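For reference, start_14.txt (compact mmCIF, C-alpha atoms):
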```txt
# COMPACT_ATOMS: atom_id res chain seq x y z
CA MET A 14 -78.65 -111.85 -22.44
CA ALA A 15 -81.93 -113.31 -21.24
CA ASP A 16 -82.80 -112.89 -17.59
CA GLU A 17 -82.58 -115.95 -15.41
CA VAL A 18 -85.30 -115.75 -12.78
CA ILE A 19 -85.78 -118.49 -10.20
CA LEU A 20 -88.28 -118.43 -7.36
CA LEU A 21 -87.70 -120.64 -4.31
CA ASP A 22 -91.14 -121.06 -2.82
CA PHE A 23 -93.57 -123.29 -0.92
CA TRP A 24 -96.97 -123.80 -2.50
CA PRO A 25 -99.32 -122.88 0.42
CA SER A 26 -97.26 -119.91 1.61
CA PRO A 27 -99.17 -116.60 1.73
CA PHE A 28 -95.77 -114.91 1.35
CA GLY A 29 -94.55 -116.98 -1.57
CA VAL A 30 -97.75 -116.30 -3.46
CA ARG A 31 -97.02 -112.56 -3.37
CA ALA A 32 -93.83 -113.07 -5.37
CA ARG A 33 -95.61 -115.33 -7.89
CA ILE A 34 -98.36 -112.77 -8.46
CA ALA A 35 -95.90 -109.89 -8.89
CA LEU A 36 -93.86 -111.81 -11.47
CA ARG A 37 -96.99 -112.71 -13.43
CA GLU A 38 -98.34 -109.15 -13.27
CA LYS A 39 -95.14 -108.14 -15.03
CA GLY A 40 -95.19 -111.01 -17.50
CA VAL A 41 -91.80 -112.27 -16.28
CA GLU A 42 -90.82 -115.83 -17.21
CA PHE A 43 -89.54 -117.63 -14.15
CA GLU A 44 -88.59 -121.04 -12.89
CA TYR A 45 -90.61 -122.09 -9.86
CA ARG A 46 -88.79 -124.38 -7.44
CA GLU A 47 -90.75 -126.02 -4.65
CA GLU A 48 -88.93 -126.16 -1.32
CA ASN A 49 -89.46 -128.78 1.35
CA LEU A 50 -89.32 -126.62 4.46
CA ARG A 51 -88.54 -129.65 6.60
CA ASP A 52 -85.51 -130.44 4.45
CA LYS A 53 -84.29 -127.15 3.08
CA SER A 54 -82.24 -127.27 -0.08
CA PRO A 55 -78.57 -126.22 -0.08
CA LEU A 56 -79.59 -123.49 -2.54
CA LEU A 57 -82.12 -122.00 -0.11
CA LEU A 58 -79.61 -122.10 2.74
CA GLN A 59 -77.01 -120.47 0.53
CA MET A 60 -79.34 -117.78 -0.86
CA ASN A 61 -81.02 -116.89 2.43
CA PRO A 62 -78.50 -117.79 5.12
CA VAL A 63 -79.88 -115.24 7.60
CA HIS A 64 -83.51 -116.40 7.75
CA LYS A 65 -83.52 -119.63 5.66
CA LYS A 66 -87.06 -118.77 4.53
CA ILE A 67 -88.98 -118.56 1.31
CA PRO A 68 -89.73 -116.80 -0.93
CA VAL A 69 -86.31 -116.11 -2.39
CA LEU A 70 -86.09 -114.56 -5.83
CA ILE A 71 -82.82 -115.38 -7.58
CA HIS A 72 -82.29 -112.94 -10.43
CA ASN A 73 -79.25 -113.72 -12.58
CA GLY A 74 -77.72 -115.52 -9.60
CA LYS A 75 -78.39 -112.76 -7.06
CA PRO A 76 -80.88 -113.40 -4.23
CA VAL A 77 -83.62 -111.09 -2.97
CA CYS A 78 -85.41 -112.11 0.24
CA GLU A 79 -88.51 -111.06 2.22
CA SER A 80 -91.74 -111.19 0.24
CA MET A 81 -92.64 -107.50 0.03
CA ASN A 82 -89.01 -106.64 -0.65
CA VAL A 83 -89.18 -109.12 -3.55
CA VAL A 84 -92.39 -107.48 -4.82
CA GLN A 85 -90.79 -104.01 -4.71
CA TYR A 86 -87.69 -105.28 -6.46
CA ILE A 87 -89.80 -106.85 -9.22
CA ASP A 88 -91.68 -103.56 -9.61
CA GLU A 89 -88.45 -101.59 -9.94
CA VAL A 90 -86.64 -103.95 -12.30
CA TRP A 91 -89.56 -104.63 -14.65
CA SER A 92 -90.88 -101.12 -14.49
CA ASP A 93 -92.31 -100.97 -18.01
CA GLN A 94 -95.66 -102.59 -17.25
CA ASN A 95 -98.34 -102.74 -14.55
CA PRO A 96 -96.77 -100.53 -11.87
CA LEU A 97 -97.42 -102.12 -8.51
CA LEU A 98 -96.59 -99.07 -6.40
CA PRO A 99 -97.92 -95.55 -7.03
CA SER A 100 -95.44 -92.99 -8.37
CA ASN A 101 -96.30 -90.30 -5.82
CA PRO A 102 -94.08 -90.51 -2.69
CA TYR A 103 -96.96 -89.85 -0.28
CA GLN A 104 -99.12 -92.57 -1.82
CA ARG A 105 -96.14 -94.93 -1.82
CA ALA A 106 -95.67 -94.28 1.90
CA GLN A 107 -99.36 -95.04 2.47
CA ALA A 108 -99.10 -98.32 0.54
CA ARG A 109 -96.02 -99.32 2.55
CA PHE A 110 -97.79 -98.38 5.79
CA TRP A 111 -100.72 -100.66 5.04
CA VAL A 112 -98.49 -103.55 4.05
CA ASP A 113 -96.63 -103.14 7.32
CA PHE A 114 -100.01 -103.17 9.12
CA ILE A 115 -100.97 -106.37 7.30
CA ASP A 116 -97.68 -108.06 8.11
CA THR A 117 -97.99 -107.27 11.81
CA LYS A 118 -101.66 -106.95 12.73
CA VAL A 119 -103.14 -109.53 10.36
CA PHE A 120 -100.28 -112.00 10.34
CA GLU A 121 -99.98 -112.56 14.08
CA PRO A 122 -103.62 -113.46 14.79
CA ALA A 123 -103.97 -115.38 11.50
CA ASP A 124 -101.06 -117.57 12.48
CA LYS A 125 -102.70 -118.30 15.84
CA ILE A 126 -106.05 -119.16 14.24
CA TRP A 127 -104.39 -121.98 12.28
CA SER A 128 -102.22 -123.29 15.10
CA THR A 129 -104.10 -122.88 18.38
CA LYS A 130 -107.43 -123.63 20.01
CA GLY A 131 -109.62 -122.60 22.93
CA GLU A 132 -109.16 -119.15 24.48
CA VAL A 133 -105.97 -118.36 22.60
CA GLN A 134 -107.74 -119.02 19.32
CA GLU A 135 -110.82 -117.01 20.35
CA LYS A 136 -108.65 -114.02 21.19
CA ALA A 137 -106.84 -114.41 17.86
CA LYS A 138 -110.14 -114.48 15.95
CA LYS A 139 -111.23 -111.20 17.58
CA GLU A 140 -107.92 -109.52 16.77
CA TYR A 141 -108.00 -110.86 13.21
CA ILE A 142 -111.49 -109.50 12.54
CA GLU A 143 -110.57 -106.16 14.14
CA ALA A 144 -107.57 -105.88 11.83
CA LEU A 145 -109.67 -106.82 8.79
CA LYS A 146 -112.24 -104.18 9.75
CA ILE A 147 -109.55 -101.51 9.91
CA LEU A 148 -108.42 -102.58 6.45
CA GLU A 149 -112.00 -102.50 5.23
CA THR A 150 -112.33 -98.88 6.41
CA GLU A 151 -109.15 -98.04 4.54
CA LEU A 152 -110.45 -99.77 1.41
CA GLY A 153 -113.69 -97.77 1.55
CA ASP A 154 -115.41 -97.48 -1.85
CA LYS A 155 -112.35 -98.29 -3.87
CA THR A 156 -112.09 -101.26 -6.20
CA PHE A 157 -108.67 -102.10 -4.86
CA PHE A 158 -106.58 -100.67 -2.03
CA GLY A 159 -104.64 -98.52 -4.48
CA GLY A 160 -107.79 -97.22 -6.15
CA ASP A 161 -108.68 -98.44 -9.61
CA THR A 162 -105.59 -100.52 -10.08
CA PHE A 163 -104.50 -103.75 -8.42
CA GLY A 164 -101.27 -103.08 -6.59
CA PHE A 165 -98.91 -103.46 -3.69
CA VAL A 166 -101.38 -103.68 -0.81
CA ASP A 167 -103.75 -105.97 -2.74
CA ILE A 168 -100.85 -108.31 -3.51
CA ALA A 169 -99.93 -108.39 0.18
CA MET A 170 -103.52 -109.21 1.15
CA THR A 171 -104.07 -111.86 -1.51
CA GLY A 172 -101.90 -114.23 0.49
CA TYR A 173 -104.43 -113.90 3.31
CA TYR A 174 -107.44 -113.98 0.97
CA MET A 175 -106.27 -117.38 -0.22
CA TRP A 176 -106.27 -118.58 3.39
CA PHE A 177 -109.73 -117.13 4.27
CA GLU A 178 -111.54 -120.45 3.85
CA ALA A 179 -108.91 -122.34 5.85
CA SER A 180 -109.02 -119.69 8.60
CA GLU A 181 -112.81 -119.88 8.74
CA LYS A 182 -112.81 -123.68 8.96
CA CYS A 183 -110.00 -123.81 11.57
CA GLY A 184 -111.65 -121.12 13.66
CA ASN A 185 -115.26 -122.01 12.98
CA PHE A 186 -116.34 -118.51 11.99
CA SER A 187 -117.30 -116.55 8.90
CA ILE A 188 -115.48 -113.51 7.57
CA GLU A 189 -118.02 -112.22 5.01
CA PRO A 190 -120.72 -111.08 7.48
CA GLU A 191 -118.03 -109.18 9.41
CA CYS A 192 -116.29 -107.64 6.41
CA PRO A 193 -118.49 -107.78 3.30
CA ILE A 194 -116.70 -104.94 1.48
CA LEU A 195 -113.27 -106.45 2.01
CA MET A 196 -114.64 -109.81 0.86
CA ALA A 197 -115.95 -108.21 -2.34
CA SER A 198 -112.50 -106.78 -3.06
CA ALA A 199 -110.94 -110.15 -2.24
CA LYS A 200 -113.19 -111.82 -4.82
CA ARG A 201 -112.11 -109.26 -7.43
CA CYS A 202 -108.45 -109.98 -6.64
CA LEU A 203 -109.00 -113.71 -6.80
CA GLN A 204 -110.33 -113.35 -10.36
CA ARG A 205 -107.23 -111.66 -11.73
CA ASP A 206 -105.25 -113.75 -14.18
CA SER A 207 -101.95 -113.41 -12.31
CA VAL A 208 -103.69 -114.50 -9.12
CA VAL A 209 -105.60 -117.43 -10.65
CA LYS A 210 -102.33 -118.74 -12.09
CA SER A 211 -100.48 -118.35 -8.78
CA LEU A 212 -102.90 -119.71 -6.23
CA PRO A 213 -103.28 -123.33 -5.28
CA ASP A 214 -106.71 -124.94 -4.96
CA PRO A 215 -108.42 -123.51 -1.84
CA GLU A 216 -109.41 -127.05 -0.83
CA LYS A 217 -105.77 -128.03 -0.77
CA ILE A 218 -105.04 -125.09 1.55
CA VAL A 219 -107.80 -126.22 3.91
CA GLU A 220 -106.36 -129.74 3.87
CA PHE A 221 -102.92 -128.36 4.57
CA ALA A 222 -104.19 -126.14 7.39
CA PHE A 223 -105.71 -129.10 9.18
CA LYS A 224 -102.45 -130.98 8.76
CA ILE A 225 -100.61 -128.12 10.55
CA ARG A 226 -103.21 -128.07 13.30
CA LYS A 227 -102.60 -131.75 13.95
CA ILE A 228 -98.90 -131.04 14.30
CA TYR A 229 -99.27 -127.96 16.50
CA CYS A 230 -102.08 -128.73 18.81
CA VAL A 231 -105.33 -130.27 17.93
CA MET B 1 -94.95 -72.16 -0.97
CA ALA B 2 -92.57 -73.20 1.77
CA ASP B 3 -92.85 -76.75 3.05
CA GLU B 4 -94.29 -77.23 6.49
CA VAL B 5 -92.56 -80.18 8.14
CA ILE B 6 -93.44 -81.32 11.65
CA LEU B 7 -91.96 -84.30 13.45
CA LEU B 8 -93.77 -85.87 16.39
CA SER B 9 -91.17 -87.80 18.34
CA TYR B 10 -89.89 -88.86 21.76
CA TRP B 11 -86.30 -88.14 22.67
CA PRO B 12 -85.10 -91.65 23.77
CA SER B 13 -86.75 -93.44 20.84
CA MET B 14 -84.28 -94.98 18.42
CA PHE B 15 -87.12 -95.01 15.88
CA GLY B 16 -87.72 -91.27 16.27
CA MET B 17 -83.97 -90.75 15.85
CA ARG B 18 -84.14 -92.35 12.39
CA ALA B 19 -86.56 -89.71 11.17
CA MET B 20 -84.53 -86.88 12.67
CA ILE B 21 -81.30 -88.09 11.12
CA ALA B 22 -82.93 -88.36 7.69
CA LEU B 23 -84.33 -84.82 7.93
CA GLU B 24 -80.96 -83.46 9.06
CA GLU B 25 -79.14 -85.34 6.27
CA LYS B 26 -81.37 -83.53 3.79
CA ASN B 27 -81.03 -80.18 5.56
CA ILE B 28 -84.78 -79.88 5.92
CA LYS B 29 -86.10 -77.31 8.38
CA PHE B 30 -88.61 -78.98 10.66
CA ASP B 31 -90.65 -78.31 13.77
CA TYR B 32 -89.75 -80.96 16.38
CA ARG B 33 -92.58 -81.68 18.79
CA GLU B 34 -91.76 -83.79 21.82
CA GLN B 35 -94.53 -86.23 22.69
CA ASP B 36 -95.55 -87.58 26.07
CA LEU B 37 -96.27 -91.23 25.28
CA PHE B 38 -98.05 -91.68 28.61
CA ASN B 39 -100.45 -88.87 27.85
CA LYS B 40 -100.81 -88.88 24.09
CA SER B 41 -101.57 -85.60 22.38
CA GLN B 42 -104.55 -84.96 20.15
CA ILE B 43 -102.30 -84.43 17.18
CA LEU B 44 -100.56 -87.78 17.67
CA ILE B 45 -103.87 -89.63 17.98
CA GLU B 46 -105.26 -87.85 14.92
CA THR B 47 -102.22 -88.33 12.70
CA ASN B 48 -101.55 -91.93 13.67
CA PRO B 49 -104.95 -93.31 14.70
CA VAL B 50 -103.99 -96.91 13.81
CA HIS B 51 -100.91 -97.27 16.01
CA LYS B 52 -100.77 -94.01 18.04
CA LYS B 53 -96.97 -94.24 17.93
CA ILE B 54 -94.08 -91.97 17.10
CA PRO B 55 -92.39 -90.96 14.90
CA VAL B 56 -94.99 -89.24 12.76
CA LEU B 57 -93.82 -86.91 10.01
CA ILE B 58 -96.44 -84.36 9.06
CA HIS B 59 -95.60 -82.84 5.67
CA ASN B 60 -97.87 -79.99 4.60
CA GLY B 61 -100.58 -81.43 6.82
CA LYS B 62 -100.26 -85.04 5.61
CA PRO B 63 -98.99 -87.68 8.04
CA ILE B 64 -96.47 -90.42 7.34
CA CYS B 65 -95.98 -93.13 9.99
CA GLU B 66 -93.52 -95.98 10.73
CA SER B 67 -89.90 -94.87 11.00
CA LEU B 68 -88.37 -96.65 7.99
CA ILE B 69 -91.32 -95.63 5.81
CA VAL B 70 -90.71 -92.03 6.97
CA VAL B 71 -87.01 -92.29 6.04
CA GLU B 72 -87.84 -93.64 2.59
CA TYR B 73 -90.47 -90.92 2.09
CA ILE B 74 -87.92 -88.24 3.03
CA ASP B 75 -85.42 -89.72 0.56
CA GLU B 76 -88.00 -89.78 -2.28
CA THR B 77 -89.49 -86.36 -1.58
CA TRP B 78 -86.18 -84.52 -1.23
CA PRO B 79 -83.99 -86.39 -3.70
CA GLY B 80 -81.42 -83.63 -4.18
CA GLU B 81 -78.95 -84.08 -1.34
CA ASN B 82 -77.40 -87.04 0.40
CA GLN B 83 -79.21 -89.97 -1.15
CA LEU B 84 -80.16 -92.39 1.61
CA LEU B 85 -81.12 -95.43 -0.48
CA PRO B 86 -79.05 -96.72 -3.41
CA SER B 87 -80.46 -96.17 -6.92
CA ASP B 88 -79.74 -99.72 -8.06
CA PRO B 89 -82.77 -101.99 -7.40
CA TYR B 90 -80.66 -104.92 -6.16
CA GLN B 91 -78.72 -102.76 -3.71
CA ARG B 92 -81.96 -101.14 -2.57
CA ALA B 93 -83.37 -104.59 -1.86
CA GLN B 94 -80.27 -105.45 0.16
CA ALA B 95 -80.53 -102.22 2.17
CA LYS B 96 -84.20 -102.89 2.90
CA PHE B 97 -83.43 -106.49 3.85
CA TRP B 98 -80.93 -105.38 6.49
CA ALA B 99 -83.14 -102.61 7.83
CA ASP B 100 -85.93 -105.19 8.14
CA TYR B 101 -83.50 -107.56 9.91
CA ILE B 102 -82.70 -104.80 12.42
CA ASP B 103 -86.41 -104.18 12.96
CA LYS B 104 -87.13 -107.86 13.53
CA LYS B 105 -84.10 -108.94 15.52
CA VAL B 106 -82.81 -106.08 17.68
CA ASN B 107 -85.85 -104.92 19.65
CA GLY B 108 -86.72 -108.27 21.23
CA PRO B 109 -83.41 -109.06 22.94
CA THR B 110 -82.61 -105.42 23.84
CA ARG B 111 -85.98 -105.04 25.51
CA LEU B 112 -85.22 -108.12 27.59
CA ILE B 113 -82.00 -106.44 28.69
CA TRP B 114 -83.49 -103.14 29.84
CA ALA B 115 -86.96 -104.27 30.89
CA GLY B 116 -86.35 -107.89 31.90
CA LYS B 117 -85.37 -109.56 35.15
CA GLY B 118 -82.78 -112.15 36.13
CA GLU B 119 -82.39 -114.84 33.49
CA GLU B 120 -84.27 -112.77 30.91
CA ILE B 121 -81.45 -110.23 30.89
CA GLU B 122 -78.86 -112.94 30.28
CA ALA B 123 -80.97 -114.45 27.49
CA GLY B 124 -81.43 -111.01 25.93
CA LYS B 125 -77.70 -110.33 26.08
CA LYS B 126 -76.81 -113.63 24.39
CA GLU B 127 -79.29 -113.07 21.57
CA PHE B 128 -78.27 -109.44 21.15
CA ILE B 129 -74.61 -110.41 20.81
CA GLU B 130 -75.52 -112.92 18.09
CA VAL B 131 -77.46 -110.27 16.21
CA LEU B 132 -74.59 -107.78 16.56
CA LYS B 133 -72.17 -110.37 15.20
CA THR B 134 -74.40 -110.99 12.18
CA LEU B 135 -74.52 -107.23 11.56
CA GLU B 136 -70.77 -106.98 12.05
CA THR B 137 -70.22 -109.68 9.42
CA GLU B 138 -72.49 -107.82 7.03
CA LEU B 139 -70.62 -104.56 7.70
CA GLY B 140 -67.26 -106.22 7.11
CA ASP B 141 -64.55 -103.74 6.30
CA LYS B 142 -66.89 -101.15 4.84
CA THR B 143 -67.08 -97.61 6.19
CA TYR B 144 -70.85 -97.80 6.38
CA PHE B 145 -73.35 -100.59 5.76
CA GLY B 146 -73.98 -99.33 2.23
CA GLY B 147 -70.29 -98.93 1.43
CA GLU B 148 -68.69 -95.52 1.21
CA THR B 149 -71.82 -93.52 1.84
CA PHE B 150 -73.93 -93.20 4.98
CA GLY B 151 -77.41 -94.47 4.26
CA PHE B 152 -80.56 -96.40 5.08
CA VAL B 153 -79.15 -99.28 7.12
CA ASP B 154 -76.84 -97.00 9.11
CA ILE B 155 -79.85 -94.80 9.88
CA ALA B 156 -81.90 -97.86 10.86
CA PHE B 157 -79.34 -99.02 13.40
CA ILE B 158 -77.40 -96.03 14.78
CA GLY B 159 -80.14 -94.89 17.20
CA PHE B 160 -79.64 -98.08 19.21
CA TYR B 161 -76.07 -96.90 19.91
CA SER B 162 -77.41 -94.30 22.34
CA TRP B 163 -78.73 -97.22 24.40
CA PHE B 164 -75.52 -99.31 24.23
CA ASP B 165 -74.16 -97.89 27.48
CA ALA B 166 -77.37 -98.85 29.25
CA TYR B 167 -77.35 -102.38 27.80
CA GLU B 168 -73.73 -102.86 28.85
CA LYS B 169 -74.37 -101.70 32.42
CA LEU B 170 -77.59 -103.70 32.84
CA ALA B 171 -76.21 -106.93 31.39
CA SER B 172 -72.57 -106.54 32.50
CA PHE B 173 -70.79 -106.89 29.22
CA SER B 174 -68.78 -104.89 26.73
CA ILE B 175 -70.12 -104.49 23.22
CA GLU B 176 -66.74 -103.29 22.02
CA ALA B 177 -65.10 -106.49 23.26
CA GLU B 178 -67.66 -108.60 21.38
CA CYS B 179 -68.02 -106.51 18.22
CA PRO B 180 -65.26 -103.92 17.82
CA LYS B 181 -66.17 -103.18 14.20
CA VAL B 182 -69.70 -102.19 15.20
CA ILE B 183 -68.35 -99.71 17.75
CA ALA B 184 -65.88 -98.31 15.23
CA TRP B 185 -68.74 -97.88 12.74
CA ALA B 186 -70.90 -96.18 15.35
CA LYS B 187 -68.15 -93.71 16.18
CA ARG B 188 -67.79 -92.88 12.49
CA CYS B 189 -71.52 -92.25 12.27
CA LEU B 190 -71.44 -90.01 15.33
CA LYS B 191 -68.98 -87.73 13.56
CA ARG B 192 -71.80 -86.85 11.15
CA GLU B 193 -73.69 -83.75 12.19
CA SER B 194 -77.08 -85.32 11.45
CA VAL B 195 -76.35 -88.16 13.89
CA ALA B 196 -74.71 -86.01 16.58
CA LYS B 197 -77.77 -83.72 16.53
CA SER B 198 -80.27 -86.57 16.72
CA LEU B 199 -78.85 -88.97 19.30
CA PRO B 200 -79.27 -88.16 22.97
CA ASP B 201 -76.37 -88.52 25.40
CA SER B 202 -75.89 -92.18 26.42
CA ASP B 203 -75.75 -91.03 30.02
CA LYS B 204 -79.13 -89.37 29.76
CA VAL B 205 -80.66 -92.60 28.36
CA THR B 206 -79.08 -94.78 31.07
CA LYS B 207 -80.35 -92.44 33.82
CA TYR B 208 -83.83 -92.36 32.27
CA ILE B 209 -84.43 -96.12 32.15
CA PRO B 210 -85.49 -96.63 35.81
CA GLU B 211 -88.05 -93.82 35.40
CA LEU B 212 -89.26 -95.34 32.14
CA LYS B 213 -89.70 -98.73 33.80
CA LYS B 214 -91.68 -97.14 36.61
CA ARG B 215 -94.00 -95.39 34.16
CA LEU B 216 -94.48 -98.65 32.25
CA GLY B 217 -95.27 -100.48 35.48
CA ILE B 218 -92.20 -102.73 35.26
CA GLU B 219 -90.03 -102.86 38.33
```

Would you mind writing the structure in this file as structure tokens?
Amino acid sequence: MADEVILLDFWPSPFGVRARIALREKGVEFEYREENLRDKSPLLLQMNPVHKKIPVLIHNGKPVCESMNVVQYIDEVWSDQNPLLPSNPYQRAQARFWVDFIDTKVFEPADKIWSTKGEVQEKAKKEYIEALKILETELGDKTFFGGDTFGFVDIAMTGYYMWFEASEKCGNFSIEPECPILMASAKRCLQRDSVVKSLPDPEKIVEFAFKIRKIYCV
Amino acid sequence: MADEVILLSYWPSMFGMRAMIALEEKNIKFDYREQDLFNKSQILIETNPVHKKIPVLIHNGKPICESLIVVEYIDETWPGENQLLPSDPYQRAQAKFWADYIDKKVNGPTRLIWAGKGEEIEAGKKEFIEVLKTLETELGDKTYFGGETFGFVDIAFIGFYSWFDAYEKLASFSIEAECPKVIAWAKRCLKRESVAKSLPDSDKVTKYIPELKKRLGIE
């Protein structure tokens, strides 16, 4: 029986994009369904009643929620190609640690950069750059966070890479001079086939970011 | 070569308790090192330079941080006994979803209860009860969150039970009255040696909170 794979998603979401990339890394055929987050579909509410958020992966009718949970699930189910997590337990723990760092220390200031101004935004920019610098130290000389292969931590970060331009324009600052090594890795990630196919036009993200800013504050 | 396993922890921490329970479930011999979080040790700062938080598991000199990551690491490294996560990918995803829910939704309101003032405590209580009810619905009639076997989600949540007494006293309510199934579940978990060994006395936690608030500069 062929797998039925549906992804409930929202095109600019840095979390949704993680699921798209993981599915494409594994060569999984899936049906992409765009959600209007201001008018959530009955399917979304049914499949993620606790959080009512995207992405939701629906595999043969069964839902998996939370973006990095979805990525891990995809890695475990379609385990025959492109492993996204290392096989060694210690390295797996390290990958999970850095994703947790990204989802707390990068996410919180990034969110504020898009939706605030003045002192709150300035503070957020500082924290954001600090977090990126810590990640850059962790990246070191490696091609990707996992070493030679694109993996779990890179997938988590790609959602933020795709928002770099929007963050820079909203916050009126430049990331590359602060974190040139991270930026180089970001560019490598952004060239990957699975990523190119999954990301929207960066200009559209910038446009969208300014739309949110109008709604939230400025 | 024998494994060297060290756990840096702090006795009232429900996050530290998770790591202890997992180690006990697997019958792993470990060196427990109590940390003073107000005067952090060199080893804590060196092994967790990013967050400087407990628990830190140091396995043959290599540190693992973040409590649920530690639990998963323990499960993967010592797969023989008492499997903590299901082997089926879908059930694993469900277990991780609920552990993540606990991490996102429990700390906020419970902190308002023990560290907040006036209306904050009431707000914390209301939100906490909602969260407990959601967890109770998820538990349903099962013995444990994962079904028949004690596992990841139980480990994620049970440490908070040692603080229940304190929450009830500070916010004047009864958790059992609101969510009897949760209390019944907790009592089942406490019968397990790993849990009984890892949770401090509720009394000790309740008595400690005023001192903790003082040290944190909250009055």

Quick one: residues within 9 Å of Leu8 (chain B), all atoms listed in the file, excluding same-chain residues fewer than 4 positions away - as a PyMOL selection string?
chain B and resi 16+31-35+43-44+54-58

Restrict the distance test to all atoms listed in the file, flag each residue of chain A within 12 Å of chain B, and return the flagged residues as number ranges by chain.
A: 61-64, 69-92, 100-118, 143-144, 146-148, 150-151

Residues at most 7 Å from region 165-181 of chain B, counting only C-alpha atoms, excluding those fewer than 5 positions away in the same chain, as JSON, numbers by chain?
{"B": [113, 114, 121, 122, 125, 132, 133, 136, 202, 206]}

Distance CA of Glu120 (chain B)-CA of Arg215 (chain B), one decimal place?
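These atoms are spaced 20.2 Å apart.
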
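The space separating CA of Leu85 (chain B) from CA of Phe28 (chain A) comes to 24.4 Å.
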
Would you pick out the contacts of Leu135 (chain B) at 9 Å or less, using only C-alpha atoms, so that residues sharing its chain but fewer than 2 positions from it are not included, and give the list as a PyMOL selection string?
chain B and resi 98+102+130-133+137-140+145+182

Considering only C-alpha atoms, can you say which of B:Tyr161, B:Pro210, B:Tyr10, B:Leu84 comes closest to Lys187 (chain B)?
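Of all the options, B:Tyr161 lies closest to Lys187 (chain B).
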
Exercise on region 160-168 of chain B, axis-aligned box with 3 Å per side, report centre and edge lengths in Å to one decimal, as lines of an AutoDock Vina configuration file:
```
center_x = -76.7
center_y = -98.6
center_z = 24.2
size_x = 11.9
size_y = 14.6
size_z = 16.0
```

Neighbourhood query: residues within 10 Å of (-76.8, -80.1, 13.4), file coordinates, counting all atoms listed in the file; return as a list in words.
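Collected hits near the coordinates: Ile21, Glu24, Glu25, Asn27, Arg192, Glu193, Ser194, Val195, Ala196, Lys197 and Ser198 of chain B.
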
Distance criterion (all atoms listed in the file): nearest to Ala156 (chain B) out of B:Glu4, B:Ile209, B:Met14, B:Ile218
B:Met14

One number please: CA of Asn48 (chain B) to CA of Gly61 (chain B), in Å, one decimal.
12.6 Å
